[in-house]
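Visitor: File name query20.cif; file contents mmCIF, C-alpha atoms; full text below.
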data_work
loop_
_atom_site.label_atom_id
_atom_site.label_comp_id
_atom_site.auth_asym_id
_atom_site.auth_seq_id
_atom_site.Cartn_x
_atom_site.Cartn_y
_atom_site.Cartn_z
CA MET Z 1 -13.73 -1.24 9.70
CA HIS Z 2 -15.88 1.76 8.89
CA ALA Z 3 -15.06 3.86 5.86
CA ALA Z 4 -16.18 7.20 4.49
CA LEU Z 5 -14.70 7.71 1.05
CA HIS Z 6 -13.87 11.42 0.70
CA ALA Z 7 -11.68 11.40 -2.40
CA THR Z 8 -10.64 9.10 -5.19
CA MET Z 9 -7.86 8.91 -7.78
CA SER Z 10 -5.97 12.08 -8.62
CA LEU Z 11 -3.13 12.55 -11.11
CA SER Z 12 -1.45 15.20 -8.98
CA TYR Z 13 -1.90 16.33 -5.44
CA SER Z 14 -0.88 18.49 -2.55
CA LEU Z 15 -0.98 16.76 0.81
CA THR Z 16 -1.31 20.16 2.43
CA GLN Z 17 -4.85 20.32 1.01
CA LEU Z 18 -6.08 17.29 2.94
CA PRO Z 19 -8.72 17.86 5.62
CA PRO Z 20 -7.39 18.34 9.16
CA LEU Z 21 -7.01 15.30 11.37
CA ALA Z 22 -9.99 14.84 13.72
CA LEU Z 23 -9.52 14.57 17.46
CA GLY Z 24 -8.77 11.04 18.64
CA HIS Z 25 -7.46 9.96 15.25
CA SER Z 26 -4.14 9.22 13.58
CA ARG Z 27 -3.37 9.28 9.86
CA LEU Z 28 -1.92 6.50 7.70
CA TYR Z 29 -0.20 7.33 4.41
CA LEU Z 30 -0.34 3.94 2.69
CA CYS Z 31 2.08 4.11 -0.24
CA ARG Z 32 3.12 1.86 -3.07
CA HIS Z 33 6.80 1.50 -3.96
CA GLY Z 34 8.33 3.04 -7.10
CA GLU Z 35 8.70 1.17 -10.37
CA THR Z 36 10.99 -1.84 -10.85
CA ASP Z 37 12.14 -3.50 -14.06
CA SER Z 38 9.62 -6.28 -13.35
CA ASN Z 39 6.85 -3.67 -13.33
CA ALA Z 40 8.15 -2.16 -16.56
CA GLN Z 41 8.26 -5.62 -18.19
CA ASP Z 42 4.71 -6.51 -17.01
CA LEU Z 43 5.83 -9.47 -14.92
CA LEU Z 44 3.90 -10.80 -11.93
CA GLN Z 45 5.90 -9.41 -9.02
CA GLY Z 46 4.77 -10.77 -5.69
CA SER Z 47 6.62 -11.38 -2.46
CA GLY Z 48 8.67 -14.06 -4.24
CA VAL Z 49 10.38 -11.46 -6.46
CA ASP Z 50 12.74 -9.09 -4.64
CA ALA Z 51 13.39 -6.49 -7.33
CA MET Z 52 15.13 -3.15 -6.81
CA LEU Z 53 13.78 0.17 -8.01
CA ASN Z 54 14.82 1.15 -11.53
CA VAL Z 55 15.81 4.68 -12.59
CA LEU Z 56 12.20 5.77 -13.06
CA GLY Z 57 11.23 4.14 -9.78
CA ARG Z 58 13.85 6.12 -7.86
CA SER Z 59 12.60 9.30 -9.50
CA GLN Z 60 9.03 8.42 -8.52
CA ALA Z 61 10.10 7.68 -4.95
CA SER Z 62 11.93 11.02 -4.79
CA ALA Z 63 8.80 12.84 -5.93
CA LEU Z 64 6.76 10.98 -3.33
CA GLY Z 65 9.31 11.81 -0.66
CA GLU Z 66 9.23 15.50 -1.60
CA SER Z 67 5.44 15.53 -1.32
CA LEU Z 68 5.50 13.80 2.06
CA ALA Z 69 8.17 16.21 3.28
CA SER Z 70 5.35 18.67 3.96
CA ILE Z 71 4.05 16.23 6.62
CA CYS Z 72 5.86 15.80 9.94
CA LEU Z 73 5.88 11.99 10.02
CA ASN Z 74 6.24 10.11 13.28
CA MET Z 75 7.23 6.88 11.55
CA VAL Z 76 8.15 5.52 8.13
CA ALA Z 77 7.56 1.79 7.74
CA SER Z 78 7.90 -0.69 4.91
CA SER Z 79 7.82 -4.33 4.00
CA THR Z 80 11.10 -6.23 3.95
CA LEU Z 81 11.25 -6.30 0.13
CA SER Z 82 13.98 -4.18 -1.47
CA ARG Z 83 11.67 -2.03 -3.58
CA ALA Z 84 9.68 -0.98 -0.53
CA ILE Z 85 12.74 -0.47 1.67
CA GLU Z 86 14.43 1.76 -0.92
CA THR Z 87 11.26 3.83 -1.38
CA SER Z 88 10.85 4.21 2.39
CA ASP Z 89 14.50 5.22 2.79
CA ILE Z 90 13.99 8.01 0.27
CA ILE Z 91 10.85 9.19 2.08
CA ALA Z 92 12.57 9.15 5.49
CA ASN Z 93 15.59 11.03 4.17
CA ARG Z 94 13.31 13.85 2.95
CA GLN Z 95 11.99 14.47 6.45
CA ALA Z 96 13.33 17.55 8.25
CA VAL Z 97 14.12 15.55 11.41
CA SER Z 98 15.06 11.95 12.11
CA VAL Z 99 12.03 9.67 12.00
CA GLU Z 100 11.30 6.30 13.59
CA ARG Z 101 11.65 3.36 11.20
CA TRP Z 102 9.88 -0.01 11.04
CA ARG Z 103 10.17 -3.01 8.72
CA ASP Z 104 7.75 -5.91 8.76
CA ALA Z 105 7.49 -8.92 6.45
CA GLY Z 106 3.74 -8.82 7.13
CA LEU Z 107 3.57 -5.74 4.88
CA SER Z 108 4.95 -7.66 1.89
CA GLU Z 109 3.19 -8.18 -1.42
CA MET Z 110 0.78 -11.02 -2.10
CA PHE Z 111 2.59 -14.29 -2.83
CA TYR Z 112 1.72 -15.48 -6.33
CA GLY Z 113 3.13 -18.99 -5.92
CA SER Z 114 4.03 -20.75 -9.18
CA LEU Z 115 3.05 -17.62 -11.14
CA GLU Z 116 5.78 -15.48 -9.56
CA GLY Z 117 7.90 -13.68 -12.15
CA LEU Z 118 5.89 -14.85 -15.16
CA PRO Z 119 4.69 -12.43 -17.88
CA ILE Z 120 1.20 -11.17 -17.09
CA ALA Z 121 0.20 -11.66 -20.73
CA GLY Z 122 0.90 -15.41 -20.49
CA CYS Z 123 -1.15 -15.74 -17.29
CA ARG Z 124 -4.11 -13.67 -18.41
CA GLN Z 125 -6.57 -16.58 -18.62
CA LYS Z 126 -5.61 -17.90 -15.17
CA LEU Z 127 -5.87 -14.40 -13.72
CA LYS Z 128 -9.26 -13.91 -15.34
CA GLU Z 129 -10.53 -17.13 -13.76
CA LEU Z 130 -9.15 -16.09 -10.38
CA SER Z 131 -10.78 -12.69 -10.63
CA ALA Z 132 -14.13 -14.27 -11.49
CA ALA Z 133 -13.92 -16.60 -8.48
CA TRP Z 134 -13.02 -13.75 -6.13
CA GLN Z 135 -15.77 -11.50 -7.46
CA ALA Z 136 -18.22 -14.34 -6.91
CA GLY Z 137 -17.21 -14.31 -3.25
CA ASP Z 138 -14.71 -17.19 -3.22
CA THR Z 139 -11.82 -15.14 -1.84
CA GLY Z 140 -10.26 -18.24 -0.32
CA VAL Z 141 -8.93 -19.35 -3.72
CA ALA Z 142 -5.15 -18.97 -3.81
CA VAL Z 143 -3.15 -17.60 -6.72
CA GLY Z 144 -1.56 -20.42 -8.71
CA GLY Z 145 -2.92 -22.94 -6.26
CA ASP Z 146 0.17 -22.60 -4.06
CA GLY Z 147 0.22 -18.85 -3.48
CA GLU Z 148 -1.84 -16.63 -1.21
CA SER Z 149 -5.56 -16.01 -1.40
CA PRO Z 150 -7.16 -12.60 -0.79
CA ASP Z 151 -8.38 -13.91 2.58
CA MET Z 152 -4.85 -14.87 3.58
CA LEU Z 153 -3.47 -11.54 2.39
CA LEU Z 154 -6.08 -9.51 4.26
CA ALA Z 155 -5.52 -11.44 7.49
CA ARG Z 156 -1.78 -10.82 7.22
CA ALA Z 157 -2.33 -7.13 6.43
CA HIS Z 158 -4.67 -6.66 9.37
CA ALA Z 159 -2.25 -8.40 11.74
CA ALA Z 160 0.67 -6.26 10.55
CA LEU Z 161 -1.22 -2.98 10.76
CA TRP Z 162 -3.74 -3.38 13.60
CA GLY Z 163 -2.98 -6.59 15.49
CA ASP Z 164 -1.65 -6.79 19.05
CA GLY Z 165 1.65 -4.93 19.18
CA ALA Z 166 1.31 -4.06 15.48
CA LEU Z 167 2.39 -0.97 13.61
CA LEU Z 168 -0.78 1.09 14.13
CA ASN Z 169 -1.82 -0.30 17.52
CA SER Z 170 -0.79 2.84 19.42
CA ARG Z 171 -3.55 4.47 21.49
CA VAL Z 172 -1.80 7.83 21.13
CA PRO Z 173 -3.76 10.05 18.69
CA GLY Z 174 -2.33 12.63 16.33
CA ARG Z 175 0.32 10.39 14.80
CA HIS Z 176 1.23 10.52 11.11
CA VAL Z 177 2.60 7.20 9.82
CA ALA Z 178 3.81 6.41 6.29
CA VAL Z 179 3.80 2.76 5.20
CA VAL Z 180 5.41 1.69 1.93
CA ALA Z 181 3.81 -1.53 0.76
CA HIS Z 182 2.59 -3.03 -2.51
CA SER Z 183 -0.28 -2.88 -4.97
CA SER Z 184 -2.21 -6.02 -3.97
CA PHE Z 185 -1.53 -5.46 -0.27
CA ASN Z 186 -2.89 -1.92 -0.51
CA ARG Z 187 -5.88 -3.02 -2.55
CA ALA Z 188 -6.86 -5.63 0.04
CA VAL Z 189 -6.80 -3.02 2.81
CA LEU Z 190 -8.66 -0.44 0.73
CA SER Z 191 -11.28 -2.88 -0.57
CA VAL Z 192 -12.50 -3.51 2.96
CA ALA Z 193 -12.03 0.07 4.19
CA THR Z 194 -14.13 1.45 1.32
CA GLY Z 195 -16.77 -1.27 1.52
CA LYS Z 196 -16.10 -2.40 -2.06
CA GLY Z 197 -15.49 -5.94 -0.88
CA LEU Z 198 -12.35 -8.07 -1.02
CA GLY Z 199 -13.47 -9.80 -4.22
CA ASN Z 200 -13.34 -6.45 -6.02
CA MET Z 201 -9.90 -5.43 -4.77
CA PHE Z 202 -8.34 -5.30 -8.23
CA ALA Z 203 -10.81 -2.63 -9.34
CA ILE Z 204 -8.95 -0.19 -7.06
CA PRO Z 205 -6.16 1.65 -8.91
CA GLN Z 206 -2.67 1.62 -7.39
CA ASP Z 207 0.01 3.34 -9.47
CA ASN Z 208 3.70 3.14 -8.63
CA ALA Z 209 4.65 5.63 -5.88
CA CYS Z 210 1.03 6.48 -5.13
CA VAL Z 211 -0.24 7.31 -1.65
CA ASN Z 212 -3.58 6.48 -0.07
CA VAL Z 213 -4.64 8.42 3.01
CA LEU Z 214 -6.65 6.74 5.76
CA ASP Z 215 -7.63 8.22 9.12
CA PHE Z 216 -8.27 5.80 11.96
CA CYS Z 217 -9.72 6.24 15.42
CA VAL Z 218 -7.20 5.08 18.02
CA ASN Z 219 -9.97 3.89 20.37
CA ASP Z 220 -12.04 1.64 18.11
CA ALA Z 221 -9.92 1.37 14.88
CA ALA Z 222 -12.76 2.81 12.75
CA ILE Z 223 -11.32 3.92 9.41
CA SER Z 224 -12.16 6.82 7.11
CA VAL Z 225 -10.64 6.75 3.64
CA ILE Z 226 -9.57 10.28 2.75
CA ALA Z 227 -7.83 9.71 -0.61
CA ILE Z 228 -6.96 6.88 -2.98
CA ASN Z 229 -4.12 6.57 -5.51
CA MET Z 230 -2.77 10.10 -5.23
CA VAL Z 231 0.33 10.36 -7.42
CA PRO Z 232 3.00 13.08 -7.44
CA SER Z 233 2.64 15.20 -10.57
CA ASN Z 234 6.23 14.65 -11.68
CA SER Z 235 6.41 10.86 -11.21
#
Represent the structure of the file as structure tokens.
Guide:
Amino acid sequence: MHAALHATMSLSYSLTQLPPLALGHSRLYLCRHGETDSNAQDLLQGSGVDAMLNVLGRSQASALGESLASICLNMVASSTLSRAIETSDIIANRQAVSVERWRDAGLSEMFYGSLEGLPIAGCRQKLKELSAAWQAGDTGVAVGGDGESPDMLLARAHAALWGDGALLNSRVPGRHVAVVAHSSFNRAVLSVATGKGLGNMFAIPQDNACVNVLDFCVNDAAISVIAINMVPSNS
């Protein structure tokens, strides 16, 4: 994957101000779901926790949907977890016309194994050790010993997005696709696309209901990162 980082984190945004899509490219709006009670309580919320959006999360998703309403989306996709499905439903319902839908378990959050659902504060030492190993290049180390590693997560993400018959495997350019996924999933994709390296994925900010914009060439899958962690101003 090739990446040219054109923009970074913004606290508010207008998607209408993005650069025009180049010939032979399509655009991916890689979103994170709105807030859940697990997020609010600082619990580790991986693919083993299927939490719904809370009141704030639905408000965030609505703001995201309103912002994306300015884009004529060809597809709205999500993982099979409730928080992503609900966010994607809100986005799709804000579109002026009916939009194609897609759900894929391959877009789900990283699996945290035995650490699923535990308070982040109580796991801080284990997480610190994991982060040190990953930053040292050992991205095959799994969370909790029985969860997923960054390598496993990235392989799954790539298969879901760009593999044979996958979500973004269309050779038709000019498509605009919104994908609602999760913080660690997004970070894995962005860490490689920006050249930061998978071991540094957690240095990439991903707020609830943010959107990252990536343009990709339909012929060779080369990626340009246009924006990271753009958040609606009223979320």
Visitor: Which residues, named as in the file, does the PyMOL selection byres ((chain Z and resi 77) around 6) pick out? Answer as a PyMOL selection string.
Guide: chain Z and resi 76+78+101-103+179
Visitor: May I ask which of the residues Z:Asn74, Z:Asn212, Z:Asn200, Z:Thr87 is the closest one to Ser224 (chain Z), counting all atoms listed in the file?
Guide: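 Result for the nearest residue to Ser224 (chain Z): Z:Asn212.
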Visitor: Pick the closest to Asn219 (chain Z) from Z:Ser131, Z:Asn169, Z:Ser47, Z:Gln95: which is it, counting only C-alpha atoms?
Guide: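 Closest to Asn219 (chain Z) of all the choices is Z:Asn169.
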Visitor: Between CA of Gly24 (chain Z) and CA of Ala222 (chain Z), what distance in Å does the model show, to one decimal?
Guide: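 CA of Ala222 (chain Z) lies 10.9 Å from CA of Gly24 (chain Z).
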Visitor: For the structure shown, which residues end up in the PyMOL selection byres ((chain Z and resi 133-139) around 10)? Put them as a ChimeraX atom specification, please?
Guide: /Z:127-132,140-142,149-152,197-202
Visitor: Between CA of Asp207 (chain Z) and CA of Ala40 (chain Z), what distance in Å does the model show, to one decimal?
Guide: 12.1 Å
Visitor: What would the selection look like, as a list of chain:residue names, if the PyMOL selection byres ((chain Z and resi 221) around 12) were run on the coordinates I just shared?
Guide: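 Selection result, ordered by chain and number: Z:Met1, Z:His2, Z:Ala3, Z:Gly24, Z:His25, Z:Ser26, Z:Arg27, Z:Leu28, Z:His158, Z:Leu161, Z:Trp162, Z:Gly163, Z:Leu168, Z:Asn169, Z:Ser170, Z:Arg171, Z:Pro173, Z:Ala193, Z:Leu214, Z:Asp215, Z:Phe216, Z:Cys217, Z:Val218, Z:Asn219, Z:Asp220, Z:Ala222, Z:Ile223, Z:Ser224.
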Visitor: Just checking: using all atoms listed in the file, which residue out of Z:Val192, Z:Ile91, Z:Ala159, Z:Ile71 ends up closest to Ser59 (chain Z)?
Guide: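 When distances to Ser59 (chain Z) are compared using all atoms listed in the file, the smallest one comes from Z:Ile91.
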Visitor: Determine, counting all atoms listed in the file, every residue of protein, DNA or RNA that lies within 8 Å of (15.7, 4.3, -3.8) in the file coordinates, then give the result as a tab-separated table (two decimals) with C-alpha atoms, in the frame of the given file.
Guide:
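To be explicit, this is the file written out as part.tsv:
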chain	number	residue	atom	x	y	z
Z	53	LEU	CA	13.78	0.17	-8.01
Z	57	GLY	CA	11.23	4.14	-9.78
Z	58	ARG	CA	13.85	6.12	-7.86
Z	61	ALA	CA	10.10	7.68	-4.95
Z	62	SER	CA	11.93	11.02	-4.79
Z	83	ARG	CA	11.67	-2.03	-3.58
Z	85	ILE	CA	12.74	-0.47	1.67
Z	86	GLU	CA	14.43	1.76	-0.92
Z	87	THR	CA	11.26	3.83	-1.38
Z	88	SER	CA	10.85	4.21	2.39
Z	89	ASP	CA	14.50	5.22	2.79
Z	90	ILE	CA	13.99	8.01	0.27
Visitor: In Å, rounded to a single decimal, give me how far CA of Ala105 (chain Z) is from CA of Glu66 (chain Z).
Guide: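 Value for the CA of Glu66 (chain Z)-CA of Ala105 (chain Z) distance: 25.8 Å.
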Visitor: Could you check which of Z:Gly34, Z:Gly144, Z:Leu190, Z:Asp42 is closest to Ala121 (chain Z), using only C-alpha atoms?
Guide: Z:Asp42
Visitor: Given all atoms listed in the file as the basis, pick out the residue of Z:Ser183, Z:Ser14, Z:Ser108, Z:Asn54 nearest to Gln41 (chain Z).
Guide: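 Answer, going by the shortest atom-to-atom distance: Z:Asn54.
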Visitor: Kindly indicate which residue among Z:Gln17, Z:Ser67, Z:Ser38, Z:Ser82 lies nearest to Ile120 (chain Z), using only C-alpha atoms for the distances.
Guide: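 Answer, going by the shortest atom-to-atom distance: Z:Ser38.
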